[in-house]
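Here is entry_31.pdb, consisting of PDB, C-alpha atoms:
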```pdb
ATOM      1  CA  MET A   1     158.063  13.219 205.123
ATOM      2  CA  GLY A   2     160.458  15.842 203.913
ATOM      3  CA  VAL A   3     163.771  16.290 205.727
ATOM      4  CA  LEU A   4     163.340  13.210 207.946
ATOM      5  CA  GLU A   5     162.872  10.837 205.034
ATOM      6  CA  HIS A   6     165.562   8.182 204.555
ATOM      7  CA  LYS A   7     167.435   9.394 207.662
ATOM      8  CA  PHE A   8     166.611   6.312 209.721
ATOM      9  CA  GLN A   9     166.994   2.590 209.210
ATOM     10  CA  ASP A  10     164.265   0.457 207.602
ATOM     11  CA  ASN A  11     160.979  -0.282 209.358
ATOM     12  CA  ILE A  12     160.798   3.115 210.981
ATOM     13  CA  VAL A  13     157.844   5.170 209.823
ATOM     14  CA  VAL A  14     157.703   8.854 210.425
ATOM     15  CA  ALA A  15     154.253  10.408 210.598
ATOM     16  CA  LYS A  16     152.326  13.077 212.415
ATOM     17  CA  LEU A  17     150.755  11.711 215.588
ATOM     18  CA  ASP A  18     147.463  13.094 214.355
ATOM     19  CA  GLN A  19     147.550  11.043 211.181
ATOM     20  CA  LEU A  20     148.829   7.988 213.003
ATOM     21  CA  MET A  21     145.932   8.071 215.447
ATOM     22  CA  SER A  22     143.283   8.420 212.773
ATOM     23  CA  TRP A  23     144.970   5.713 210.725
ATOM     24  CA  ALA A  24     144.871   3.371 213.724
ATOM     25  CA  ARG A  25     141.273   4.218 214.465
ATOM     26  CA  SER A  26     140.134   3.816 210.892
ATOM     27  CA  THR A  27     141.615   0.352 210.532
ATOM     28  CA  SER A  28     139.971  -1.136 213.606
ATOM     29  CA  PRO A  29     136.522   0.329 214.126
ATOM     30  CA  TRP A  30     134.929  -2.310 216.314
ATOM     31  CA  TYR A  31     131.212  -2.320 215.930
ATOM     32  CA  PHE A  32     128.492  -2.775 218.457
ATOM     33  CA  GLN A  33     126.787  -6.125 218.043
ATOM     34  CA  PHE A  34     123.084  -5.464 218.101
ATOM     35  CA  GLY A  35     120.382  -5.779 215.488
ATOM     36  CA  LEU A  36     116.771  -4.714 215.453
ATOM     37  CA  ALA A  37     115.136  -6.373 212.453
ATOM     38  CA  CYS A  38     115.823  -8.075 209.123
ATOM     39  CA  CYS A  39     118.797  -5.788 208.402
ATOM     40  CA  ALA A  40     120.549  -7.521 211.272
ATOM     41  CA  ILE A  41     120.471 -10.755 209.271
ATOM     42  CA  GLU A  42     122.402  -9.038 206.475
ATOM     43  CA  MET A  43     124.767  -7.572 209.049
ATOM     44  CA  MET A  44     125.402 -11.065 210.413
ATOM     45  CA  ALA A  45     125.977 -12.327 206.891
ATOM     46  CA  THR A  46     128.459  -9.493 206.384
ATOM     47  CA  ALA A  47     130.324 -10.517 209.508
ATOM     48  CA  ALA A  48     130.300 -14.224 208.634
ATOM     49  CA  SER A  49     132.969 -16.048 206.709
ATOM     50  CA  ARG A  50     131.969 -15.280 203.101
ATOM     51  CA  HIS A  51     132.156 -11.503 203.434
ATOM     52  CA  ASP A  52     134.290 -11.525 206.574
ATOM     53  CA  LEU A  53     134.296  -8.092 208.183
ATOM     54  CA  GLU A  54     137.420  -8.894 210.166
ATOM     55  CA  ARG A  55     139.506  -8.578 207.027
ATOM     56  CA  ILE A  56     138.825  -4.832 207.148
ATOM     57  CA  GLY A  57     139.535  -4.759 210.850
ATOM     58  CA  MET A  58     136.000  -4.824 212.189
ATOM     59  CA  MET A  59     134.933  -7.181 214.913
ATOM     60  CA  PRO A  60     131.716  -7.264 216.910
ATOM     61  CA  ARG A  61     131.726  -6.220 220.541
ATOM     62  CA  SER A  62     128.893  -7.118 222.852
ATOM     63  CA  SER A  63     129.235  -4.072 225.048
ATOM     64  CA  PRO A  64     128.747  -0.437 224.019
ATOM     65  CA  ARG A  65     131.716   0.461 226.230
ATOM     66  CA  GLN A  66     134.075  -1.400 223.924
ATOM     67  CA  ALA A  67     132.539  -0.387 220.617
ATOM     68  CA  ASP A  68     133.447   2.447 218.252
ATOM     69  CA  VAL A  69     130.711   2.079 215.658
ATOM     70  CA  MET A  70     127.013   1.510 216.150
ATOM     71  CA  ILE A  71     125.360  -0.072 213.120
ATOM     72  CA  VAL A  72     121.663   0.650 213.545
ATOM     73  CA  ALA A  73     120.444  -2.374 211.620
ATOM     74  CA  GLY A  74     116.687  -2.369 211.403
ATOM     75  CA  THR A  75     113.406  -0.755 212.351
ATOM     76  CA  VAL A  76     113.692   1.526 215.364
ATOM     77  CA  THR A  77     110.358   1.608 217.168
ATOM     78  CA  MET A  78     109.466   4.446 219.478
ATOM     79  CA  LYS A  79     109.844   2.074 222.396
ATOM     80  CA  MET A  80     113.318   1.055 221.238
ATOM     81  CA  SER A  81     114.425   4.573 220.300
ATOM     82  CA  LEU A  82     114.991   5.548 223.927
ATOM     83  CA  ARG A  83     117.135   2.431 224.380
ATOM     84  CA  VAL A  84     119.095   3.104 221.191
ATOM     85  CA  LYS A  85     119.811   6.614 222.402
ATOM     86  CA  ARG A  86     120.974   5.314 225.758
ATOM     87  CA  LEU A  87     123.230   2.714 224.118
ATOM     88  CA  TYR A  88     124.746   5.434 221.978
ATOM     89  CA  GLU A  89     125.392   7.536 225.052
ATOM     90  CA  GLN A  90     127.103   4.583 226.731
ATOM     91  CA  MET A  91     129.682   4.292 223.965
ATOM     92  CA  ALA A  92     133.069   5.914 224.553
ATOM     93  CA  ASP A  93     134.325   8.689 222.272
ATOM     94  CA  PRO A  94     135.184   8.659 219.430
ATOM     95  CA  LYS A  95     131.960   7.059 218.293
ATOM     96  CA  TYR A  96     130.290   6.699 214.939
ATOM     97  CA  VAL A  97     126.835   5.664 213.743
ATOM     98  CA  ILE A  98     125.803   3.916 210.554
ATOM     99  CA  ALA A  99     122.109   3.978 209.632
ATOM    100  CA  MET A 100     121.648   0.697 207.807
ATOM    101  CA  GLY A 101     118.609   0.226 205.592
ATOM    102  CA  SER A 102     115.470   2.235 204.845
ATOM    103  CA  CYS A 103     113.951   1.974 208.322
ATOM    104  CA  ALA A 104     116.945   3.387 210.164
ATOM    105  CA  THR A 105     117.409   6.039 207.469
ATOM    106  CA  SER A 106     113.870   7.378 207.182
ATOM    107  CA  GLY A 107     111.327   5.005 208.691
ATOM    108  CA  GLY A 108     111.210   3.028 205.442
ATOM    109  CA  PRO A 109     107.898   1.289 204.767
ATOM    110  CA  TYR A 110     106.564   2.689 208.049
ATOM    111  CA  TRP A 111     107.048   6.294 206.937
ATOM    112  CA  GLN A 112     103.414   7.042 206.282
ATOM    113  CA  TYR A 113     101.292   4.780 208.475
ATOM    114  CA  GLY A 114     103.598   3.344 211.112
ATOM    115  CA  TYR A 115     102.414   5.052 214.258
ATOM    116  CA  HIS A 116     105.043   3.282 216.343
ATOM    117  CA  VAL A 117     108.204   3.715 214.244
ATOM    118  CA  LEU A 118     110.879   6.369 214.572
ATOM    119  CA  LYS A 119     111.162   8.188 211.226
ATOM    120  CA  GLY A 120     114.906   7.916 210.885
ATOM    121  CA  VAL A 121     117.476   7.260 213.582
ATOM    122  CA  ASP A 122     119.053  10.686 212.863
ATOM    123  CA  LEU A 123     116.239  12.178 214.936
ATOM    124  CA  ILE A 124     117.926  10.860 218.084
ATOM    125  CA  VAL A 125     121.636  10.251 217.323
ATOM    126  CA  PRO A 126     124.071  11.844 214.828
ATOM    127  CA  VAL A 127     124.538   9.591 211.807
ATOM    128  CA  ASP A 128     127.818   9.404 209.873
ATOM    129  CA  VAL A 129     126.941   7.084 206.999
ATOM    130  CA  TYR A 130     123.568   6.125 205.534
ATOM    131  CA  VAL A 131     123.350   2.792 203.736
ATOM    132  CA  PRO A 132     120.220   2.542 201.557
ATOM    133  CA  GLY A 133     118.467  -0.726 200.820
ATOM    134  CA  CYS A 134     115.693  -2.865 202.212
ATOM    135  CA  PRO A 135     117.706  -4.605 203.445
ATOM    136  CA  PRO A 136     121.077  -3.638 201.922
ATOM    137  CA  ARG A 137     123.193  -6.492 200.614
ATOM    138  CA  PRO A 138     126.421  -7.226 202.491
ATOM    139  CA  GLU A 139     128.361  -5.542 199.667
ATOM    140  CA  ALA A 140     126.409  -2.345 200.261
ATOM    141  CA  LEU A 141     127.107  -2.451 203.970
ATOM    142  CA  ILE A 142     130.796  -3.028 203.323
ATOM    143  CA  GLU A 143     130.772  -0.022 200.990
ATOM    144  CA  GLY A 144     129.264   2.033 203.787
ATOM    145  CA  LEU A 145     131.823   0.768 206.273
ATOM    146  CA  ILE A 146     134.693   1.627 203.944
ATOM    147  CA  LYS A 147     133.180   5.091 203.497
ATOM    148  CA  LEU A 148     133.168   5.407 207.271
ATOM    149  CA  GLN A 149     136.786   4.296 207.451
ATOM    150  CA  GLU A 150     137.676   7.001 204.926
ATOM    151  CA  LYS A 151     135.882   9.531 207.039
ATOM    152  CA  ILE A 152     137.738   8.432 210.175
ATOM    153  CA  ARG A 153     141.035   8.537 208.292
ATOM    154  CA  HIS A 154     140.454  12.217 207.509
ATOM    155  CA  ASP A 155     139.750  13.035 211.144
ATOM    156  CA  ARG A 156     142.480  15.060 212.854
ATOM    157  CA  PRO A 157     141.810  14.341 216.527
ATOM    158  CA  LEU A 158     144.715  16.422 217.891
ATOM    159  CA  THR A 159     144.384  19.429 215.609
ATOM    160  CA  LYS A 160     142.284  22.250 216.946
ATOM    161  CA  GLN A 161     139.261  22.620 214.728
ATOM    162  CA  GLN A 162     138.470  26.034 213.299
ATOM    163  CA  ALA A 163     135.275  27.320 214.853
TER     164      ALA A 163
ATOM    165  CA  MET B 164      84.002 -28.736 210.413
ATOM    166  CA  ILE B 165      81.014 -26.694 211.516
ATOM    167  CA  ASN B 166      79.604 -27.672 214.803
ATOM    168  CA  PRO B 167      76.006 -26.451 215.156
ATOM    169  CA  ARG B 168      76.091 -27.962 218.599
ATOM    170  CA  ILE B 169      78.038 -24.931 219.797
ATOM    171  CA  ILE B 170      75.159 -22.646 218.849
ATOM    172  CA  GLU B 171      72.569 -25.036 220.225
ATOM    173  CA  PHE B 172      74.541 -25.475 223.406
ATOM    174  CA  ILE B 173      74.676 -21.767 224.131
ATOM    175  CA  ARG B 174      71.086 -21.237 223.037
ATOM    176  CA  SER B 175      69.771 -23.947 225.289
ATOM    177  CA  ARG B 176      71.500 -22.603 228.377
ATOM    178  CA  TRP B 177      71.609 -18.863 227.857
ATOM    179  CA  PRO B 178      68.756 -17.945 225.517
ATOM    180  CA  GLU B 179      69.222 -14.308 226.354
ATOM    181  CA  ALA B 180      72.924 -14.437 225.543
ATOM    182  CA  VAL B 181      72.550 -15.111 221.811
ATOM    183  CA  PRO B 182      70.954 -12.313 219.769
ATOM    184  CA  GLU B 183      68.321 -13.598 217.403
ATOM    185  CA  VAL B 184      69.363 -12.974 213.834
ATOM    186  CA  GLU B 185      73.093 -12.996 213.687
ATOM    187  CA  THR B 186      74.161 -16.634 213.773
ATOM    188  CA  GLY B 187      75.562 -17.908 210.516
ATOM    189  CA  THR B 188      78.714 -18.712 208.629
ATOM    190  CA  THR B 189      81.394 -16.326 207.506
ATOM    191  CA  GLY B 190      81.381 -15.818 203.753
ATOM    192  CA  ASP B 191      84.732 -16.812 202.347
ATOM    193  CA  ALA B 192      85.708 -19.396 204.943
ATOM    194  CA  PRO B 193      83.403 -22.395 204.619
ATOM    195  CA  GLY B 194      83.294 -24.489 207.709
ATOM    196  CA  GLU B 195      83.504 -21.579 210.106
ATOM    197  CA  ALA B 196      80.657 -21.019 212.524
ATOM    198  CA  TYR B 197      80.347 -17.985 214.677
ATOM    199  CA  VAL B 198      78.185 -17.168 217.621
ATOM    200  CA  PRO B 199      77.538 -13.564 218.632
ATOM    201  CA  LEU B 200      77.161 -13.135 222.344
ATOM    202  CA  ARG B 201      76.394 -10.409 224.810
ATOM    203  CA  PRO B 202      79.203  -9.987 227.314
ATOM    204  CA  ASN B 203      77.268 -10.734 230.527
ATOM    205  CA  ASP B 204      77.811 -14.421 231.154
ATOM    206  CA  TRP B 205      80.871 -14.871 228.974
ATOM    207  CA  ASN B 206      83.162 -16.227 231.664
ATOM    208  CA  GLU B 207      80.718 -18.958 232.673
ATOM    209  CA  ILE B 208      79.878 -19.820 229.053
ATOM    210  CA  ALA B 209      83.568 -20.088 228.246
ATOM    211  CA  ARG B 210      84.182 -22.481 231.089
ATOM    212  CA  GLN B 211      81.346 -24.749 229.944
ATOM    213  CA  LEU B 212      82.450 -24.624 226.302
ATOM    214  CA  ARG B 213      85.796 -25.919 227.478
ATOM    215  CA  ASP B 214      84.477 -28.592 229.871
ATOM    216  CA  ASP B 215      81.349 -29.944 228.178
ATOM    217  CA  PRO B 216      82.155 -33.479 226.916
ATOM    218  CA  ALA B 217      80.288 -32.962 223.636
ATOM    219  CA  LEU B 218      82.151 -29.730 222.800
ATOM    220  CA  LYS B 219      85.511 -29.799 224.602
ATOM    221  CA  LEU B 220      86.737 -26.563 223.055
ATOM    222  CA  ASP B 221      89.995 -26.805 224.936
ATOM    223  CA  SER B 222      92.200 -24.695 222.675
ATOM    224  CA  LEU B 223      91.843 -20.938 222.363
ATOM    225  CA  GLN B 224      93.655 -20.172 219.140
ATOM    226  CA  CYS B 225      93.242 -16.464 218.729
ATOM    227  CA  ILE B 226      91.609 -13.378 220.166
ATOM    228  CA  THR B 227      91.007 -10.579 217.688
ATOM    229  CA  GLY B 228      89.824  -7.070 218.285
ATOM    230  CA  VAL B 229      87.819  -5.214 215.642
ATOM    231  CA  ASP B 230      86.771  -1.578 215.428
ATOM    232  CA  LEU B 231      83.488  -1.716 213.545
ATOM    233  CA  GLY B 232      83.518   1.942 212.557
ATOM    234  CA  PRO B 233      83.018   5.499 213.812
ATOM    235  CA  GLU B 234      79.431   5.099 214.999
ATOM    236  CA  ALA B 235      79.616   1.403 215.873
ATOM    237  CA  ASN B 236      80.911  -0.825 218.631
ATOM    238  CA  LEU B 237      84.145  -2.619 219.262
ATOM    239  CA  GLU B 238      84.124  -6.362 218.755
ATOM    240  CA  ILE B 239      86.194  -9.180 220.203
ATOM    241  CA  ARG B 240      86.447 -12.503 218.404
ATOM    242  CA  TYR B 241      87.544 -15.744 220.014
ATOM    243  CA  ASN B 242      88.624 -18.661 217.802
ATOM    244  CA  LEU B 243      88.125 -21.924 219.627
ATOM    245  CA  HIS B 244      89.221 -25.396 218.621
ATOM    246  CA  SER B 245      88.718 -28.835 220.078
ATOM    247  CA  MET B 246      91.741 -31.089 219.966
ATOM    248  CA  GLU B 247      89.596 -34.132 220.671
ATOM    249  CA  HIS B 248      86.604 -33.587 218.359
ATOM    250  CA  ARG B 249      88.486 -31.613 215.664
ATOM    251  CA  HIS B 250      85.820 -28.969 215.398
ATOM    252  CA  HIS B 251      85.982 -25.284 215.904
ATOM    253  CA  GLY B 252      83.871 -22.177 216.224
ATOM    254  CA  GLU B 253      84.131 -18.469 216.602
ATOM    255  CA  ILE B 254      82.589 -16.439 219.387
ATOM    256  CA  ARG B 255      81.954 -12.755 218.744
ATOM    257  CA  ILE B 256      81.143 -10.256 221.454
ATOM    258  CA  GLU B 257      80.413  -6.603 220.908
ATOM    259  CA  VAL B 258      81.135  -3.992 223.527
ATOM    260  CA  PRO B 259      80.305  -0.281 223.398
ATOM    261  CA  LYS B 260      83.183   2.044 222.581
ATOM    262  CA  GLU B 261      82.542   4.318 225.568
ATOM    263  CA  THR B 262      82.744   1.551 228.184
ATOM    264  CA  PRO B 263      84.635  -1.326 226.558
ATOM    265  CA  GLU B 264      84.595  -3.891 229.308
ATOM    266  CA  LEU B 265      84.322  -7.646 229.231
ATOM    267  CA  PRO B 266      84.955 -10.558 231.628
ATOM    268  CA  SER B 267      88.423 -12.050 231.247
ATOM    269  CA  VAL B 268      88.795 -15.702 230.266
ATOM    270  CA  ALA B 269      92.431 -15.906 231.345
ATOM    271  CA  ALA B 270      91.389 -18.329 234.081
ATOM    272  CA  VAL B 271      89.686 -20.607 231.527
ATOM    273  CA  TRP B 272      92.368 -20.692 228.823
ATOM    274  CA  ASP B 273      95.807 -19.712 230.100
ATOM    275  CA  ILE B 274      96.883 -18.305 226.739
ATOM    276  CA  ALA B 275      94.123 -15.705 226.963
ATOM    277  CA  ASP B 276      96.344 -13.842 229.417
ATOM    278  CA  TRP B 277      98.643 -12.462 226.691
ATOM    279  CA  PHE B 278      95.980 -12.356 223.969
ATOM    280  CA  GLU B 279      93.813 -10.129 226.128
ATOM    281  CA  ARG B 280      96.758  -7.926 226.961
ATOM    282  CA  GLU B 281      97.373  -7.417 223.253
ATOM    283  CA  VAL B 282      93.731  -6.552 222.566
ATOM    284  CA  TYR B 283      93.854  -4.161 225.503
ATOM    285  CA  ASP B 284      97.056  -2.657 224.122
ATOM    286  CA  MET B 285      95.606  -1.975 220.680
ATOM    287  CA  TYR B 286      91.922  -1.217 221.414
ATOM    288  CA  GLY B 287      91.727  -0.291 225.094
ATOM    289  CA  ILE B 288      89.205  -3.011 225.853
ATOM    290  CA  ARG B 289      89.296  -3.722 229.582
ATOM    291  CA  PHE B 290      89.090  -7.370 230.593
ATOM    292  CA  SER B 291      87.765  -7.416 234.131
ATOM    293  CA  GLY B 292      89.320 -10.075 236.326
ATOM    294  CA  HIS B 293      92.510 -10.275 234.275
ATOM    295  CA  PRO B 294      95.520 -10.994 236.535
ATOM    296  CA  ASN B 295      97.869  -8.466 234.935
ATOM    297  CA  LEU B 296      96.163  -6.157 232.461
ATOM    298  CA  MET B 297      98.917  -3.893 231.135
ATOM    299  CA  ARG B 298     100.311  -3.055 227.710
ATOM    300  CA  ILE B 299     102.230  -5.910 226.116
ATOM    301  CA  LEU B 300     103.809  -4.382 222.976
ATOM    302  CA  LEU B 301     103.747  -0.627 223.310
ATOM    303  CA  PRO B 302     105.556   1.230 226.096
ATOM    304  CA  ASP B 303     103.606   1.687 229.316
ATOM    305  CA  ASP B 304     103.426   5.456 228.914
ATOM    306  CA  TRP B 305     101.906   5.330 225.411
ATOM    307  CA  GLU B 306      98.755   7.372 224.984
ATOM    308  CA  GLY B 307      95.763   6.164 223.019
ATOM    309  CA  TRP B 308      94.686   2.934 221.385
ATOM    310  CA  PRO B 309      96.415   2.696 217.986
ATOM    311  CA  LEU B 310      94.147   0.283 216.112
ATOM    312  CA  ARG B 311      90.993   2.236 216.767
ATOM    313  CA  LYS B 312      89.726   4.093 213.719
ATOM    314  CA  ASP B 313      89.799   7.461 215.447
ATOM    315  CA  TYR B 314      93.397   7.150 216.664
ATOM    316  CA  GLU B 315      95.685  10.050 215.903
ATOM    317  CA  GLU B 316      99.456   9.848 215.937
ATOM    318  CA  PRO B 317     101.071  11.833 218.738
ATOM    319  CA  GLU B 318     103.104  14.934 217.847
ATOM    320  CA  THR B 319     106.072  13.889 219.952
ATOM    321  CA  TYR B 320     107.203  10.956 222.038
ATOM    322  CA  HIS B 321     109.603  11.789 224.890
ATOM    323  CA  GLY B 322     110.674  14.890 222.972
ATOM    324  CA  ILE B 323     111.273  13.001 219.723
ATOM    325  CA  VAL B 324     109.382  14.761 216.956
ATOM    326  CA  VAL B 325     107.130  12.670 214.730
ATOM    327  CA  PRO B 326     107.249  14.230 211.229
ATOM    328  CA  LYS B 327     103.779  14.997 209.958
ATOM    329  CA  VAL B 328     104.537  16.107 206.412
ATOM    330  CA  LYS B 329     104.165  12.946 204.386
ATOM    331  CA  THR B 330     104.190  14.387 200.889
ATOM    332  CA  GLY B 331     107.034  13.933 198.449
ATOM    333  CA  TRP B 332     107.652  10.428 199.626
ATOM    334  CA  GLU B 333     106.902   8.162 196.682
TER     335      GLU B 333
END
```
Starting from the file, lay out its structure as C-alpha cells.
Amino acid sequence: MGVLEHKFQDNIVVAKLDQLMSWARSTSPWYFQFGLACCAIEMMATAASRHDLERIGMMPRSSPRQADVMIVAGTVTMKMSLRVKRLYEQMADPKYVIAMGSCATSGGPYWQYGYHVLKGVDLIVPVDVYVPGCPPRPEALIEGLIKLQEKIRHDRPLTKQQA
Amino acid sequence: MINPRIIEFIRSRWPEAVPEVETGTTGDAPGEAYVPLRPNDWNEIARQLRDDPALKLDSLQCITGVDLGPEANLEIRYNLHSMEHRHHGEIRIEVPKETPELPSVAAVWDIADWFEREVYDMYGIRFSGHPNLMRILLPDDWEGWPLRKDYEEPETYHGIVVPKVKTGWE
C-alpha cells in the first residue's frame, strides 16, 4: 500500500474502502434457501457436511430480505416464474443470481416440448453465473460459487462506473 | 382378475348405456376388462358399482383423459378396484370435443375431486356437479388445454416471451 506500508503496528491492514467492502461481501454471500426440483437435492448436498458451503462463507437464509445470492436450483415453470421474479425483487441490493442446472439455464429437457416451462431464468432475472449439468455435482456448484465470489471481489461499489 | 360381472351388471341395468361392439380386453395387459359407456347415467352407475355387494368397486385408482385424435372424441377412463373382492375394471366414456361434459363422480369416490380437476386442467372436460372445478396444476389464468392434440403454445405469458425457434438445440 505504498507510503503507508509498515508505518503502523502489526494487525493493522490498510486498504481502500472500496476493496474492503467487496472483499467482505465476497467472503460471505449468504444464499437464499429455496429449491425447485432435483437440482435442489444437489444444492442441499453441497450445503451439507461433506462439501460444507459454510467453509467458503455461505450459509442459507430462509428469507429473501437476508439473502445476497439466489441459487435458482431447478425447473422454473411458468407458474413459478412470477414467484421467482417477485422473490428476486424482494432481495436487498447487492444481489446476485446463479442459474443452476440445464433447466434454469435454458429450459433443459423441456426446451422443445415443455409448454409450461420457462426457457431459462435469464428471461426474468439477470443471471451472474451459469452452472451447467443435469443436475450439476456439488463440485460444479462450488466452482460456480467461487466464480461468483471472484466476480464480487472485482466489484467496486463506491467507485463511479464509467457510463 | 377379470370380472365379467361388471359388464353383465351394467348391461342388465342400463342396456342403452353400453354400446354393442366395444367390450373386450386391452391388448398388452391381460386381466384388464373395460366397459365403454355413454355419459348419461354415469353418476348413478358409479354409485351402484361402488355399493353392489357382488362388485364393491370401492377404490377409484385413476382417472385418465385421452385425446383420440383431430377428428375424434375425447375419452375419460376410470380405473376401479375392489379391496374386498380383489378385482378391477376400467370404465371408458367418450365425450364430444365441442361440448366435453360429463357427470362428476366426486360424490361417489372422494378422490375423484382432484382427479377430475386434473383432467379438466389438461383437457377442458367439464364435470357437472363437481364441488370445485378449477385448474389444479396450471395457473388459473392459463389459456387452452395443453394435452389436447390441437394445443398451441402461447407466445407470451405475463410478458415473458416463449422462444419459438427450436433449431440448433441438439
Distance table requested - chain A against chain B, cut-off 8 Å, only C-alpha atoms: one row per qualifying residue with the closest atom pair and its distance in Å to one decimal, ordered by chain and rising residue number, as a tab-separated table.
```
residue	atom	partner	partner_atom	distance
A:Met78	CA	B:Tyr320	CA	7.4
A:Lys79	CA	B:Pro302	CA	5.7
A:Trp111	CA	B:Lys329	CA	7.7
A:Gln112	CA	B:Lys329	CA	6.2
A:Tyr115	CA	B:Glu316	CA	5.9
A:Leu118	CA	B:Val325	CA	7.3
A:Lys119	CA	B:Val325	CA	7.0
A:Leu123	CA	B:Ile323	CA	6.9
A:Ile124	CA	B:Ile323	CA	7.2
```
Using all atoms listed in the file, find the one residue out of A:Leu4, A:Pro126, A:Gly114, A:Ile71 that sits nearest to Ala40 (chain A).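 Once distances to Ala40 (chain A) are computed over all atoms listed in the file, the minimum belongs to A:Ile71.
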Between CA of Leu36 (chain A) and CA of Lys147 (chain A) - distance in Å to one decimal: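 Between these atoms lies a distance of 22.5 Å.
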Scan for residues within 8 Å of the point (86.4, -20.8, 235.3) in the coordinates of the file, using only C-alpha atoms, and reply as a PyMOL selection string. chain B and resi 206-207+209-210+268+270-271
Using all atoms listed in the file: which of A:Lys7, A:Arg137, A:Arg156, A:Lys151 has the shortest distance to Ala45 (chain A): A:Arg137
What would the list of residues within 12 Å of (117.1, -2.3, 203.6) (file frame) look like as a ChimeraX atom specification, if only C-alpha atoms are what count? /A:37-43,72-75,99-109,130-138,140-141
Would you mind exporting the chosen residues as a PDB file, in the coordinates of the input, restricted to C-alpha atoms?
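Below is the file part22.pdb, written as the result:
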```pdb
ATOM      1  CA  ALA A  37     115.136  -6.373 212.453  1.00  0.00           C
ATOM      2  CA  CYS A  38     115.823  -8.075 209.123  1.00  0.00           C
ATOM      3  CA  CYS A  39     118.797  -5.788 208.402  1.00  0.00           C
ATOM      4  CA  ALA A  40     120.549  -7.521 211.272  1.00  0.00           C
ATOM      5  CA  ILE A  41     120.471 -10.755 209.271  1.00  0.00           C
ATOM      6  CA  GLU A  42     122.402  -9.038 206.475  1.00  0.00           C
ATOM      7  CA  MET A  43     124.767  -7.572 209.049  1.00  0.00           C
ATOM      8  CA  VAL A  72     121.663   0.650 213.545  1.00  0.00           C
ATOM      9  CA  ALA A  73     120.444  -2.374 211.620  1.00  0.00           C
ATOM     10  CA  GLY A  74     116.687  -2.369 211.403  1.00  0.00           C
ATOM     11  CA  THR A  75     113.406  -0.755 212.351  1.00  0.00           C
ATOM     12  CA  ALA A  99     122.109   3.978 209.632  1.00  0.00           C
ATOM     13  CA  MET A 100     121.648   0.697 207.807  1.00  0.00           C
ATOM     14  CA  GLY A 101     118.609   0.226 205.592  1.00  0.00           C
ATOM     15  CA  SER A 102     115.470   2.235 204.845  1.00  0.00           C
ATOM     16  CA  CYS A 103     113.951   1.974 208.322  1.00  0.00           C
ATOM     17  CA  ALA A 104     116.945   3.387 210.164  1.00  0.00           C
ATOM     18  CA  THR A 105     117.409   6.039 207.469  1.00  0.00           C
ATOM     19  CA  SER A 106     113.870   7.378 207.182  1.00  0.00           C
ATOM     20  CA  GLY A 107     111.327   5.005 208.691  1.00  0.00           C
ATOM     21  CA  GLY A 108     111.210   3.028 205.442  1.00  0.00           C
ATOM     22  CA  PRO A 109     107.898   1.289 204.767  1.00  0.00           C
ATOM     23  CA  TYR A 130     123.568   6.125 205.534  1.00  0.00           C
ATOM     24  CA  VAL A 131     123.350   2.792 203.736  1.00  0.00           C
ATOM     25  CA  PRO A 132     120.220   2.542 201.557  1.00  0.00           C
ATOM     26  CA  GLY A 133     118.467  -0.726 200.820  1.00  0.00           C
ATOM     27  CA  CYS A 134     115.693  -2.865 202.212  1.00  0.00           C
ATOM     28  CA  PRO A 135     117.706  -4.605 203.445  1.00  0.00           C
ATOM     29  CA  PRO A 136     121.077  -3.638 201.922  1.00  0.00           C
ATOM     30  CA  ARG A 137     123.193  -6.492 200.614  1.00  0.00           C
ATOM     31  CA  PRO A 138     126.421  -7.226 202.491  1.00  0.00           C
ATOM     32  CA  ALA A 140     126.409  -2.345 200.261  1.00  0.00           C
ATOM     33  CA  LEU A 141     127.107  -2.451 203.970  1.00  0.00           C
TER      34      LEU A 141
END
```
Region 14-39 of chain A from the block above, C-alpha atoms, as a PDB file, in the first residue's frame, please?
```pdb
ATOM      1  CA  VAL A  14      -4.550  -0.570   5.125  1.00  0.00           C
ATOM      2  CA  ALA A  15      -6.858  -0.884   2.138  1.00  0.00           C
ATOM      3  CA  LYS A  16      -9.208   1.149   0.019  1.00  0.00           C
ATOM      4  CA  LEU A  17     -12.723   1.111   1.452  1.00  0.00           C
ATOM      5  CA  ASP A  18     -13.921   0.009  -1.958  1.00  0.00           C
ATOM      6  CA  GLN A  19     -11.772  -3.102  -1.938  1.00  0.00           C
ATOM      7  CA  LEU A  20     -12.545  -3.804   1.694  1.00  0.00           C
ATOM      8  CA  MET A  21     -16.279  -3.758   1.044  1.00  0.00           C
ATOM      9  CA  SER A  22     -16.103  -6.079  -1.935  1.00  0.00           C
ATOM     10  CA  TRP A  23     -13.753  -8.367  -0.034  1.00  0.00           C
ATOM     11  CA  ALA A  24     -16.243  -8.550   2.840  1.00  0.00           C
ATOM     12  CA  ARG A  25     -19.138  -9.148   0.501  1.00  0.00           C
ATOM     13  CA  SER A  26     -17.360 -11.813  -1.492  1.00  0.00           C
ATOM     14  CA  THR A  27     -16.454 -13.862   1.558  1.00  0.00           C
ATOM     15  CA  SER A  28     -19.960 -14.073   2.986  1.00  0.00           C
ATOM     16  CA  PRO A  29     -22.528 -14.270   0.215  1.00  0.00           C
ATOM     17  CA  TRP A  30     -25.476 -15.759   2.057  1.00  0.00           C
ATOM     18  CA  TYR A  31     -27.725 -17.620  -0.275  1.00  0.00           C
ATOM     19  CA  PHE A  32     -31.456 -17.843  -0.420  1.00  0.00           C
ATOM     20  CA  GLN A  33     -32.665 -21.256   0.672  1.00  0.00           C
ATOM     21  CA  PHE A  34     -35.155 -22.394  -1.909  1.00  0.00           C
ATOM     22  CA  GLY A  35     -35.129 -25.189  -4.441  1.00  0.00           C
ATOM     23  CA  LEU A  36     -37.446 -26.040  -7.283  1.00  0.00           C
ATOM     24  CA  ALA A  37     -36.554 -29.540  -8.456  1.00  0.00           C
ATOM     25  CA  CYS A  38     -33.848 -32.210  -8.394  1.00  0.00           C
ATOM     26  CA  CYS A  39     -31.064 -29.598  -8.534  1.00  0.00           C
TER      27      CYS A  39
END
```
